[in-house]
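Okay, structure first, notes after.
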Amino acid sequence: MTVSDYRLQGAIDTLKESGVRITPQRHAVLEFLVQSMSHPTADDIYKALEHKFPNMSVATVYNNLRVLKEIGLVRELTYGDSSSRFDCNTTDHYHAICESCGKIVDFHYPSLDEVESLAEQVTGFNVSHHRMEVYGTCPECRAQTAH
Ligand SMILES: [Zn+2]
Ligand SMILES: [Zn+2]
């Protein structure tokens, strides 16, 4: 089994444990998310699965994403525009975002927990989590502008 097979199996086990019904569409949405490391939008997922499920609507995709989000299998990334992106890597990680094509790439860095405790001290907030992104130009876009 590949790494993504293991992750898909783990995700399906979590679904079963939480008593969520595993419909073919839900399975396909989850599978697509596990296999694509690209942080797709609901629209991307819809377009990728449209041919398999001709009766599926974008609303169905959203609905499935909401269910997966509620049980903690998927994280929604909002970046201030209309299209949220979805990430099924829910372990702590940070994102590098390409300003040319919008691609989001995961990277790992020791969790910046000090930021949270400092923020709590300074602001009196009970901090629940933090998010960090770095911005720039991805290798593909850099290669395109090079010639
Ligand atoms: Zn790019
Ligand atoms: Zn990610």
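Naming scheme: A, B, ... for chains in displayed order of the structure tokens; residues 1 onward per chain; ligands 1 onward as shown.
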
Produce as an MDAnalysis selection string the set of residues near ligand 1, where near means within 12 Å with only C-alpha atoms and all ligand atoms considered.
chainID A and resid 38 96:105 135:145

Sorted per-residue table, chain A near ligand 2, closest atoms and distance, 7 Å, only C-alpha atoms and all ligand atoms, as a tab-separated table:
residue	atom	partner	partner_atom_place_in_ligand_line	distance
A:His39	CA	ligand 2	1 (Zn)	6.5
A:Asp87	CA	ligand 2	1 (Zn)	5.3
A:Asn89	CA	ligand 2	1 (Zn)	5.7
A:His93	CA	ligand 2	1 (Zn)	6.5
A:Tyr94	CA	ligand 2	1 (Zn)	6.6
A:His95	CA	ligand 2	1 (Zn)	5.9
A:Val105	CA	ligand 2	1 (Zn)	6.5
A:Asp106	CA	ligand 2	1 (Zn)	4.7

Can I get the selected residues back with N, CA, C and O atoms, as an mmCIF file, in the first residue's frame?
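Written out: selection.cif:
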data_model
loop_
_atom_site.group_PDB
_atom_site.id
_atom_site.type_symbol
_atom_site.label_atom_id
_atom_site.label_comp_id
_atom_site.auth_asym_id
_atom_site.auth_seq_id
_atom_site.Cartn_x
_atom_site.Cartn_y
_atom_site.Cartn_z
ATOM 1 N N HIS A 39 -4.421 20.976 -2.172
ATOM 2 C CA HIS A 39 -5.357 21.865 -1.488
ATOM 3 C C HIS A 39 -6.427 22.385 -2.442
ATOM 4 O O HIS A 39 -6.493 23.583 -2.720
ATOM 5 N N ASP A 87 -7.895 20.979 2.846
ATOM 6 C CA ASP A 87 -6.638 20.325 3.157
ATOM 7 C C ASP A 87 -6.961 19.120 4.015
ATOM 8 O O ASP A 87 -7.590 19.263 5.053
ATOM 9 N N ASN A 89 -4.610 17.189 5.191
ATOM 10 C CA ASN A 89 -3.487 16.983 6.089
ATOM 11 C C ASN A 89 -3.733 17.826 7.337
ATOM 12 O O ASN A 89 -3.451 19.010 7.354
ATOM 13 N N HIS A 93 1.074 21.867 10.154
ATOM 14 C CA HIS A 93 2.040 22.208 9.114
ATOM 15 C C HIS A 93 1.752 23.611 8.622
ATOM 16 O O HIS A 93 0.719 24.190 8.919
ATOM 17 N N TYR A 94 2.676 24.135 7.872
ATOM 18 C CA TYR A 94 2.524 25.495 7.369
ATOM 19 C C TYR A 94 2.447 25.462 5.853
ATOM 20 O O TYR A 94 2.682 24.425 5.228
ATOM 21 N N HIS A 95 2.117 26.596 5.270
ATOM 22 C CA HIS A 95 1.889 26.650 3.829
ATOM 23 C C HIS A 95 2.767 27.680 3.134
ATOM 24 O O HIS A 95 2.951 28.779 3.650
ATOM 25 N N VAL A 105 1.688 24.759 -1.086
ATOM 26 C CA VAL A 105 2.540 23.609 -0.804
ATOM 27 C C VAL A 105 2.765 23.521 0.707
ATOM 28 O O VAL A 105 3.023 24.525 1.362
ATOM 29 N N ASP A 106 2.643 22.309 1.235
ATOM 30 C CA ASP A 106 2.863 22.085 2.669
ATOM 31 C C ASP A 106 4.339 22.112 2.999
ATOM 32 O O ASP A 106 5.152 21.610 2.235
#

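Here atom CA of Thr14 of chain A is placed at a distance of 19.0 Å from atom CA of Val61 of chain A.
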
Residue with smallest distance to Ile22 of chain A - pool A:Ser4, A:Thr123, A:Asn64, A:Thr41, counting only C-alpha atoms:
A:Asn64

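Distance annotation: of A:Gln25, A:Asn126, A:Gln9, A:Thr78, the residue with the minimal separation from Val58 of chain A is A:Gln25; atom set is only C-alpha atoms.
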
Can you tell me how far atom CA of Phe86 of chain A sits from atom CA of Pro40 of chain A, in Å to one decimal?
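Distance reported for this atom pair: 5.7 Å.
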
Interatomic distance (Å, one decimal) between atom CA of Ser117 of chain A and atom CA of Met132 of chain A:
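Interatomic distance here is 15.6 Å.
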
I'd like the neighbourhood of Tyr62 of chain A as an MDAnalysis selection string, where a residue qualifies if any of its atoms comes within 10 Å (using only C-alpha atoms), though same-chain residues fewer than 2 positions away should be ignored.
chainID A and resid 29 41:43 45:46 57:60 64:68

Would you export the selected residues with N, CA, C and O atoms as a PDB file, in the first residue's frame, please?
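The result, stored in again.pdb:
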ATOM      1  N   VAL A  29     -14.810  11.955  -2.646  1.00  0.00           N
ATOM      2  CA  VAL A  29     -14.312  13.272  -2.235  1.00  0.00           C
ATOM      3  C   VAL A  29     -13.095  13.095  -1.331  1.00  0.00           C
ATOM      4  O   VAL A  29     -12.055  13.742  -1.500  1.00  0.00           O
ATOM      5  N   THR A  41     -10.041  23.481  -4.288  1.00  0.00           N
ATOM      6  CA  THR A  41     -11.294  24.148  -3.925  1.00  0.00           C
ATOM      7  C   THR A  41     -12.425  23.142  -4.149  1.00  0.00           C
ATOM      8  O   THR A  41     -12.227  22.112  -4.799  1.00  0.00           O
ATOM      9  N   ALA A  42     -13.611  23.455  -3.634  1.00  0.00           N
ATOM     10  CA  ALA A  42     -14.764  22.579  -3.833  1.00  0.00           C
ATOM     11  C   ALA A  42     -15.029  22.421  -5.331  1.00  0.00           C
ATOM     12  O   ALA A  42     -15.405  21.340  -5.798  1.00  0.00           O
ATOM     13  N   ASP A  43     -14.810  23.492  -6.064  1.00  0.00           N
ATOM     14  CA  ASP A  43     -15.005  23.469  -7.512  1.00  0.00           C
ATOM     15  C   ASP A  43     -14.030  22.510  -8.206  1.00  0.00           C
ATOM     16  O   ASP A  43     -14.414  21.784  -9.123  1.00  0.00           O
ATOM     17  N   ILE A  45     -12.707  19.892  -6.883  1.00  0.00           N
ATOM     18  CA  ILE A  45     -13.129  18.533  -6.545  1.00  0.00           C
ATOM     19  C   ILE A  45     -14.323  18.143  -7.407  1.00  0.00           C
ATOM     20  O   ILE A  45     -14.372  17.044  -7.964  1.00  0.00           O
ATOM     21  N   TYR A  46     -15.250  19.091  -7.537  1.00  0.00           N
ATOM     22  CA  TYR A  46     -16.436  18.840  -8.359  1.00  0.00           C
ATOM     23  C   TYR A  46     -16.036  18.495  -9.796  1.00  0.00           C
ATOM     24  O   TYR A  46     -16.503  17.508 -10.365  1.00  0.00           O
ATOM     25  N   SER A  57     -23.848  17.501  -7.568  1.00  0.00           N
ATOM     26  CA  SER A  57     -23.760  18.951  -7.757  1.00  0.00           C
ATOM     27  C   SER A  57     -22.627  19.506  -6.895  1.00  0.00           C
ATOM     28  O   SER A  57     -22.111  18.818  -6.020  1.00  0.00           O
ATOM     29  N   VAL A  58     -22.267  20.776  -7.154  1.00  0.00           N
ATOM     30  CA  VAL A  58     -21.255  21.419  -6.316  1.00  0.00           C
ATOM     31  C   VAL A  58     -21.739  21.466  -4.869  1.00  0.00           C
ATOM     32  O   VAL A  58     -20.956  21.322  -3.931  1.00  0.00           O
ATOM     33  N   ALA A  59     -23.047  21.631  -4.705  1.00  0.00           N
ATOM     34  CA  ALA A  59     -23.613  21.675  -3.351  1.00  0.00           C
ATOM     35  C   ALA A  59     -23.366  20.361  -2.605  1.00  0.00           C
ATOM     36  O   ALA A  59     -23.098  20.361  -1.406  1.00  0.00           O
ATOM     37  N   THR A  60     -23.435  19.244  -3.328  1.00  0.00           N
ATOM     38  CA  THR A  60     -23.163  17.934  -2.720  1.00  0.00           C
ATOM     39  C   THR A  60     -21.710  17.872  -2.254  1.00  0.00           C
ATOM     40  O   THR A  60     -21.414  17.360  -1.177  1.00  0.00           O
ATOM     41  N   ASN A  64     -20.490  17.360   1.562  1.00  0.00           N
ATOM     42  CA  ASN A  64     -19.566  16.309   1.988  1.00  0.00           C
ATOM     43  C   ASN A  64     -18.348  16.903   2.683  1.00  0.00           C
ATOM     44  O   ASN A  64     -17.875  16.369   3.689  1.00  0.00           O
ATOM     45  N   LEU A  65     -17.846  18.021   2.149  1.00  0.00           N
ATOM     46  CA  LEU A  65     -16.686  18.659   2.765  1.00  0.00           C
ATOM     47  C   LEU A  65     -17.021  19.138   4.178  1.00  0.00           C
ATOM     48  O   LEU A  65     -16.204  19.045   5.084  1.00  0.00           O
ATOM     49  N   ARG A  66     -18.256  19.641   4.348  1.00  0.00           N
ATOM     50  CA  ARG A  66     -18.675  20.123   5.659  1.00  0.00           C
ATOM     51  C   ARG A  66     -18.685  18.969   6.664  1.00  0.00           C
ATOM     52  O   ARG A  66     -18.191  19.097   7.787  1.00  0.00           O
ATOM     53  N   VAL A  67     -19.212  17.823   6.232  1.00  0.00           N
ATOM     54  CA  VAL A  67     -19.253  16.644   7.104  1.00  0.00           C
ATOM     55  C   VAL A  67     -17.830  16.213   7.472  1.00  0.00           C
ATOM     56  O   VAL A  67     -17.519  15.957   8.640  1.00  0.00           O
ATOM     57  N   LEU A  68     -16.956  16.167   6.469  1.00  0.00           N
ATOM     58  CA  LEU A  68     -15.571  15.742   6.715  1.00  0.00           C
ATOM     59  C   LEU A  68     -14.858  16.730   7.629  1.00  0.00           C
ATOM     60  O   LEU A  68     -14.010  16.356   8.440  1.00  0.00           O
TER      61      LEU A  68
END
